[in-house]
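Trainee: So I've got this file, input_8.cif, and it contains mmCIF, C-alpha atoms:
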data_coords
#
loop_
_atom_site.label_atom_id
_atom_site.label_comp_id
_atom_site.auth_asym_id
_atom_site.auth_seq_id
_atom_site.Cartn_x
_atom_site.Cartn_y
_atom_site.Cartn_z
CA MET A 1 0.00 0.00 0.00
CA SER A 2 1.45 3.36 -0.97
CA LYS A 3 1.81 6.16 1.53
CA LYS A 4 -0.12 9.43 1.46
CA VAL A 5 1.19 12.88 2.42
CA GLU A 6 -0.62 12.75 5.76
CA ASP A 7 1.37 9.62 6.65
CA TYR A 8 4.49 11.82 6.77
CA VAL A 9 3.00 14.62 8.90
CA ARG A 10 3.85 14.43 12.61
CA SER A 11 1.22 15.59 15.10
CA ILE A 12 2.49 17.05 18.37
CA GLN A 13 -0.03 17.36 21.20
CA ASP A 14 -0.10 20.53 23.33
CA PHE A 15 2.37 22.52 21.21
CA PRO A 16 2.94 25.47 21.33
CA LYS A 17 0.39 25.47 24.17
CA LYS A 18 -2.05 23.11 25.85
CA GLY A 19 -4.97 22.09 23.67
CA ILE A 20 -3.17 22.66 20.34
CA ASN A 21 -2.46 19.68 18.09
CA PHE A 22 0.47 21.00 16.03
CA ARG A 23 0.86 19.60 12.51
CA ASP A 24 4.61 19.35 11.88
CA ILE A 25 5.72 19.31 8.22
CA THR A 26 9.42 18.87 9.01
CA THR A 27 8.83 15.12 8.88
CA VAL A 28 7.49 15.51 5.34
CA LEU A 29 10.56 17.51 4.29
CA GLN A 30 13.17 15.26 5.88
CA ASP A 31 11.89 12.15 4.09
CA LYS A 32 12.82 12.08 0.40
CA GLU A 33 9.67 10.16 -0.59
CA GLY A 34 7.48 12.37 1.62
CA PHE A 35 8.86 15.60 0.18
CA GLN A 36 8.58 14.34 -3.38
CA LEU A 37 5.01 13.18 -2.74
CA ALA A 38 4.11 16.60 -1.31
CA ILE A 39 5.52 18.47 -4.33
CA ASP A 40 3.98 16.03 -6.81
CA SER A 41 0.58 16.26 -5.10
CA MET A 42 0.63 20.05 -5.16
CA GLN A 43 1.78 20.05 -8.79
CA LYS A 44 -1.16 17.82 -9.76
CA GLU A 45 -3.47 20.58 -8.52
CA LEU A 46 -1.94 22.90 -11.14
CA GLU A 47 -2.06 20.58 -14.16
CA GLY A 48 -3.86 22.18 -17.10
CA LEU A 49 -4.00 25.59 -15.40
CA GLU A 50 -2.69 28.59 -17.33
CA PHE A 51 -0.54 30.83 -15.14
CA ASP A 52 2.65 32.88 -15.23
CA THR A 53 4.02 32.98 -11.70
CA ILE A 54 4.11 31.01 -8.48
CA LEU A 55 4.16 33.20 -5.41
CA GLY A 56 5.34 31.69 -2.12
CA ALA A 57 4.41 33.10 1.28
CA GLU A 58 7.23 33.48 3.81
CA SER A 59 8.71 31.20 4.75
CA ARG A 60 7.35 27.72 4.24
CA GLY A 61 5.65 28.76 1.02
CA PHE A 62 9.19 29.15 -0.36
CA ILE A 63 9.92 25.49 0.42
CA PHE A 64 7.00 24.28 -1.69
CA GLY A 65 6.64 27.10 -4.21
CA ALA A 66 10.22 27.18 -5.50
CA PRO A 67 10.39 23.51 -6.56
CA LEU A 68 6.93 23.80 -8.14
CA ALA A 69 8.04 26.85 -10.12
CA TYR A 70 11.20 25.04 -11.20
CA ASN A 71 9.35 21.88 -12.25
CA MET A 72 6.71 23.84 -14.16
CA LYS A 73 9.15 26.35 -15.69
CA LYS A 74 7.46 29.35 -14.08
CA ALA A 75 8.73 32.42 -12.29
CA PHE A 76 8.90 32.29 -8.49
CA VAL A 77 8.11 35.37 -6.38
CA PRO A 78 8.57 35.56 -2.60
CA VAL A 79 6.19 37.50 -0.35
CA ARG A 80 8.17 38.56 2.70
CA LYS A 81 7.66 39.97 6.15
CA LYS A 82 8.19 43.71 6.45
CA GLY A 83 11.75 44.91 5.98
CA LYS A 84 13.15 41.78 4.31
CA LEU A 85 12.97 42.81 0.63
CA PRO A 86 15.73 45.12 -0.67
CA TYR A 87 13.90 46.93 -3.49
CA GLU A 88 10.80 49.15 -3.66
CA THR A 89 7.82 47.36 -2.16
CA ILE A 90 4.11 47.54 -1.58
CA ALA A 91 2.81 46.45 1.82
CA MET A 92 -0.32 45.00 3.38
CA GLU A 93 -1.03 44.86 7.09
CA TYR A 94 -3.20 42.03 8.40
CA GLU A 95 -4.55 40.72 11.69
CA LEU A 96 -2.99 37.89 13.65
CA GLU A 97 -4.54 36.36 16.74
CA TYR A 98 -3.15 38.98 19.15
CA GLU A 99 -1.36 41.51 16.93
CA THR A 100 -0.91 42.73 13.39
CA ALA A 101 1.78 41.86 10.87
CA THR A 102 2.84 43.31 7.52
CA LEU A 103 3.72 41.54 4.30
CA GLU A 104 5.65 43.09 1.43
CA LEU A 105 6.06 42.38 -2.25
CA HIS A 106 8.47 43.99 -4.71
CA LYS A 107 6.65 46.52 -6.89
CA ASP A 108 8.07 44.93 -10.04
CA ALA A 109 7.38 41.29 -9.05
CA ILE A 110 3.91 41.06 -10.57
CA HIS A 111 2.79 42.81 -13.75
CA SER A 112 -0.67 43.82 -14.86
CA GLY A 113 -2.47 40.78 -16.25
CA ASP A 114 -0.11 38.20 -14.70
CA ARG A 115 -1.90 35.01 -13.69
CA VAL A 116 -0.60 34.02 -10.26
CA VAL A 117 -0.70 30.83 -8.18
CA ILE A 118 -0.12 31.31 -4.44
CA VAL A 119 1.51 28.44 -2.51
CA ASP A 120 1.88 27.92 1.23
CA ASP A 121 2.30 25.03 3.62
CA LEU A 122 -0.81 25.55 5.73
CA ILE A 123 -4.10 27.40 5.84
CA ALA A 124 -5.37 28.11 9.33
CA THR A 125 -7.23 31.42 9.74
CA GLY A 126 -6.39 32.56 6.19
CA GLY A 127 -5.14 36.03 7.13
CA THR A 128 -1.68 35.74 5.58
CA ILE A 129 -2.94 34.54 2.23
CA GLU A 130 -5.85 36.99 2.20
CA ALA A 131 -3.26 39.80 2.54
CA THR A 132 -1.13 38.15 -0.15
CA THR A 133 -4.05 38.10 -2.61
CA LYS A 134 -4.54 41.83 -2.04
CA LEU A 135 -0.87 42.53 -2.80
CA VAL A 136 -1.09 40.60 -6.08
CA GLU A 137 -4.24 42.49 -7.05
CA MET A 138 -2.73 45.87 -6.11
CA LEU A 139 -0.11 45.24 -8.82
CA GLY A 140 -2.72 44.20 -11.39
CA GLY A 141 -2.22 40.46 -11.13
CA LYS A 142 -4.98 37.85 -11.02
CA VAL A 143 -4.87 35.05 -8.46
CA VAL A 144 -5.95 31.96 -10.42
CA LYS A 145 -5.36 29.33 -7.69
CA ILE A 146 -4.15 28.95 -4.12
CA VAL A 147 -2.58 25.65 -3.07
CA PHE A 148 -1.81 24.51 0.48
CA LEU A 149 -0.21 21.31 1.67
CA LEU A 150 -2.33 21.24 4.86
CA GLU A 151 -5.66 22.77 5.90
CA LEU A 152 -7.01 23.14 9.42
CA GLU A 153 -10.72 23.23 8.53
CA GLY A 154 -11.85 24.09 12.05
CA LEU A 155 -10.23 27.55 11.80
CA LYS A 156 -12.33 28.39 8.71
CA GLY A 157 -9.54 30.14 6.80
CA ARG A 158 -11.06 29.07 3.50
CA GLU A 159 -13.99 31.43 4.19
CA LYS A 160 -11.65 34.44 3.82
CA LEU A 161 -10.62 33.07 0.42
CA ALA A 162 -14.13 32.26 -0.84
CA ASP A 163 -13.58 34.27 -4.05
CA TYR A 164 -10.62 32.08 -5.07
CA ASP A 165 -9.97 28.56 -6.29
CA VAL A 166 -8.41 26.96 -3.20
CA ALA A 167 -6.96 23.46 -2.94
CA SER A 168 -5.36 21.66 -0.03
CA ILE A 169 -3.69 18.27 -0.18
CA VAL A 170 -4.46 17.18 3.40
CA LYS A 171 -7.45 18.41 5.42
CA TYR A 172 -7.70 18.15 9.19
CA HIS A 173 -11.22 18.64 10.53
CA GLY A 174 -10.20 20.30 13.79
CA LYS A 175 -7.94 23.20 14.68
#
The structure given in the file should be rewritten as structure tokens.

Mentor:
Amino acid sequence: MSKKVEDYVRSIQDFPKKGINFRDITTVLQDKEGFQLAIDSMQKELEGLEFDTILGAESRGFIFGAPLAYNMKKAFVPVRKKGKLPYETIAMEYELEYETATLELHKDAIHSGDRVVIVDDLIATGGTIEATTKLVEMLGGKVVKIVFLLELEGLKGREKLADYDVASIVKYHGK
């Protein structure tokens, strides 16, 4: 019987605090078959889709987005936390559980009419990727798909992305 991506994900009870069941992707990455299965599964979600660029959200979106871009012969664009990009940027502030954060994108990273796929490791509340979609659209790009390796359905992040085509490889019903 062949393994599935979820077979490589380690669950850690009560991390980072009591009551949280943390989904650890390092066990996917450190296993050559697990990592390859993750990339292949995400790439399958993009088959037949016309797009120009894969955009990865800092930082785990880089891990999955860059090999996808390479395999599919597409450009790769990083979205970074505030102050990490060296050139002129646009910024979007968004809400976290107890604070706000800011994401930045180079002004010349996306061009008007570009068809963009956003990639990240996990969707929880959806705030990071909601902000990312706004950055793409501020530069005239169109988000044509969003792909996650894992989804925590109980946190309802997909609701913030209801206007987009969203796919996740592994879905966990809880938080």

Trainee: For region 137-154 of chain A, find every residue with an atom within 6 Å (counting all atoms listed in the file), except residues of its own chain fewer than 4 positions away, and show them as number ranges by chain.

Mentor: A: 112-124, 165-175

Trainee: Filtering to C-alpha atoms, could you give me those residues as a PDB file, keeping the file's coordinate frame?

Mentor:
ATOM      1  CA  SER A 112      -0.670  43.820 -14.860  1.00  0.00           C
ATOM      2  CA  GLY A 113      -2.470  40.780 -16.250  1.00  0.00           C
ATOM      3  CA  ASP A 114      -0.110  38.200 -14.700  1.00  0.00           C
ATOM      4  CA  ARG A 115      -1.900  35.010 -13.690  1.00  0.00           C
ATOM      5  CA  VAL A 116      -0.600  34.020 -10.260  1.00  0.00           C
ATOM      6  CA  VAL A 117      -0.700  30.830  -8.180  1.00  0.00           C
ATOM      7  CA  ILE A 118      -0.120  31.310  -4.440  1.00  0.00           C
ATOM      8  CA  VAL A 119       1.510  28.440  -2.510  1.00  0.00           C
ATOM      9  CA  ASP A 120       1.880  27.920   1.230  1.00  0.00           C
ATOM     10  CA  ASP A 121       2.300  25.030   3.620  1.00  0.00           C
ATOM     11  CA  LEU A 122      -0.810  25.550   5.730  1.00  0.00           C
ATOM     12  CA  ILE A 123      -4.100  27.400   5.840  1.00  0.00           C
ATOM     13  CA  ALA A 124      -5.370  28.110   9.330  1.00  0.00           C
ATOM     14  CA  ASP A 165      -9.970  28.560  -6.290  1.00  0.00           C
ATOM     15  CA  VAL A 166      -8.410  26.960  -3.200  1.00  0.00           C
ATOM     16  CA  ALA A 167      -6.960  23.460  -2.940  1.00  0.00           C
ATOM     17  CA  SER A 168      -5.360  21.660  -0.030  1.00  0.00           C
ATOM     18  CA  ILE A 169      -3.690  18.270  -0.180  1.00  0.00           C
ATOM     19  CA  VAL A 170      -4.460  17.180   3.400  1.00  0.00           C
ATOM     20  CA  LYS A 171      -7.450  18.410   5.420  1.00  0.00           C
ATOM     21  CA  TYR A 172      -7.700  18.150   9.190  1.00  0.00           C
ATOM     22  CA  HIS A 173     -11.220  18.640  10.530  1.00  0.00           C
ATOM     23  CA  GLY A 174     -10.200  20.300  13.790  1.00  0.00           C
ATOM     24  CA  LYS A 175      -7.940  23.200  14.680  1.00  0.00           C
TER      25      LYS A 175
END

Trainee: Can you tell me, as JSON, numbers by chain, what residues are no more than 10 Å from Lys4 (chain A) when counting only C-alpha atoms, ignoring any on the same chain fewer than 5 positions away?

Mentor: {"A": [9, 34, 37, 38, 41, 169, 170]}

Trainee: To one decimal in Å, tell me the separation between CA of Leu68 (chain A) and CA of Thr89 (chain A).

Mentor: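 Taking CA of Leu68 (chain A) and CA of Thr89 (chain A), their separation equals 24.3 Å.
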
Trainee: What residues come out when you apply the PyMOL selection byres ((chain A and resi 71) around 12) to this file, written as a list in words?

Mentor: Gln36, Ile39, Asp40, Met42, Gln43, Lys44, Leu46, Glu47, Ile54, Phe64, Gly65, Ala66, Pro67, Leu68, Ala69, Tyr70, Met72, Lys73, Lys74, Ala75 and Phe76 of chain A

Trainee: Excluding Val79 (chain A) and residues on its chain fewer than 5 positions from it, collect all residues at most 12 Å away from it, counting only C-alpha atoms, and give them as a PDB file with C-alpha atoms, keeping the file's coordinate frame.

Mentor:
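around10.pdb written:
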ATOM      1  CA  ILE A  54       4.110  31.010  -8.480  1.00  0.00           C
ATOM      2  CA  LEU A  55       4.160  33.200  -5.410  1.00  0.00           C
ATOM      3  CA  GLY A  56       5.340  31.690  -2.120  1.00  0.00           C
ATOM      4  CA  ALA A  57       4.410  33.100   1.280  1.00  0.00           C
ATOM      5  CA  GLU A  58       7.230  33.480   3.810  1.00  0.00           C
ATOM      6  CA  SER A  59       8.710  31.200   4.750  1.00  0.00           C
ATOM      7  CA  ARG A  60       7.350  27.720   4.240  1.00  0.00           C
ATOM      8  CA  GLY A  61       5.650  28.760   1.020  1.00  0.00           C
ATOM      9  CA  PHE A  62       9.190  29.150  -0.360  1.00  0.00           C
ATOM     10  CA  GLY A  65       6.640  27.100  -4.210  1.00  0.00           C
ATOM     11  CA  LYS A  84      13.150  41.780   4.310  1.00  0.00           C
ATOM     12  CA  LEU A  85      12.970  42.810   0.630  1.00  0.00           C
ATOM     13  CA  THR A  89       7.820  47.360  -2.160  1.00  0.00           C
ATOM     14  CA  ILE A  90       4.110  47.540  -1.580  1.00  0.00           C
ATOM     15  CA  ALA A  91       2.810  46.450   1.820  1.00  0.00           C
ATOM     16  CA  MET A  92      -0.320  45.000   3.380  1.00  0.00           C
ATOM     17  CA  THR A 102       2.840  43.310   7.520  1.00  0.00           C
ATOM     18  CA  LEU A 103       3.720  41.540   4.300  1.00  0.00           C
ATOM     19  CA  GLU A 104       5.650  43.090   1.430  1.00  0.00           C
ATOM     20  CA  LEU A 105       6.060  42.380  -2.250  1.00  0.00           C
ATOM     21  CA  HIS A 106       8.470  43.990  -4.710  1.00  0.00           C
ATOM     22  CA  LYS A 107       6.650  46.520  -6.890  1.00  0.00           C
ATOM     23  CA  ALA A 109       7.380  41.290  -9.050  1.00  0.00           C
ATOM     24  CA  ILE A 110       3.910  41.060 -10.570  1.00  0.00           C
ATOM     25  CA  ILE A 118      -0.120  31.310  -4.440  1.00  0.00           C
ATOM     26  CA  VAL A 119       1.510  28.440  -2.510  1.00  0.00           C
ATOM     27  CA  ASP A 120       1.880  27.920   1.230  1.00  0.00           C
ATOM     28  CA  THR A 128      -1.680  35.740   5.580  1.00  0.00           C
ATOM     29  CA  ILE A 129      -2.940  34.540   2.230  1.00  0.00           C
ATOM     30  CA  ALA A 131      -3.260  39.800   2.540  1.00  0.00           C
ATOM     31  CA  THR A 132      -1.130  38.150  -0.150  1.00  0.00           C
ATOM     32  CA  THR A 133      -4.050  38.100  -2.610  1.00  0.00           C
ATOM     33  CA  LYS A 134      -4.540  41.830  -2.040  1.00  0.00           C
ATOM     34  CA  LEU A 135      -0.870  42.530  -2.800  1.00  0.00           C
ATOM     35  CA  VAL A 136      -1.090  40.600  -6.080  1.00  0.00           C
TER      36      VAL A 136
END

Trainee: Just how far from CA of Gly127 (chain A) is CA of Leu29 (chain A), in Å to one decimal?

Mentor: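 These two atoms are separated by 24.4 Å.
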
Trainee: Mind giving me the straight-line distance from CA of Gly126 (chain A) to CA of Leu155 (chain A) in Å, one decimal?

Mentor: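 Calculated distance between CA of Gly126 (chain A) and CA of Leu155 (chain A) is 8.4 Å.
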
Trainee: Expand the PyMOL selection byres ((chain A and resi 25) around 8) into the explicit residue set it covers here, and present it as a VMD selection string.

Mentor: chain A and resid 8 to 10 23 to 24 26 to 29

Trainee: Here is a test: counting only C-alpha atoms, which residue of A:Glu33, A:Phe51, A:Lys17, A:Tyr164 is nearest to Ser2 (chain A)?

Mentor: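 Once distances to Ser2 (chain A) are computed over only C-alpha atoms, the minimum belongs to A:Glu33.
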
Trainee: With 3 Å of padding per side, what axis-aligned box (centre and edge lengths, Å, one decimal) covers all the listed atoms of region 52-59 of chain A? Give it as lines of an AutoDock Vina configuration file.

Mentor:
center_x = 5.7
center_y = 32.2
center_z = -5.2
size_x = 12.1
size_y = 8.5
size_z = 26.0

Trainee: Excluding Glu97 (chain A) and any residue of its chain fewer than 2 positions from it, enumerate the residues within 10 Å of it, using only C-alpha atoms, and give them as JSON, numbers by chain.

Mentor: {"A": [95, 99, 100, 125, 127]}

Trainee: Select, from A:Arg158, A:Ile20, A:Tyr98, A:Phe35, the residue with the minimum atom-to-atom distance to Glu6 (chain A), counting only C-alpha atoms.

Mentor: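 Ranked by minimum distance to Glu6 (chain A), first place goes to A:Phe35.
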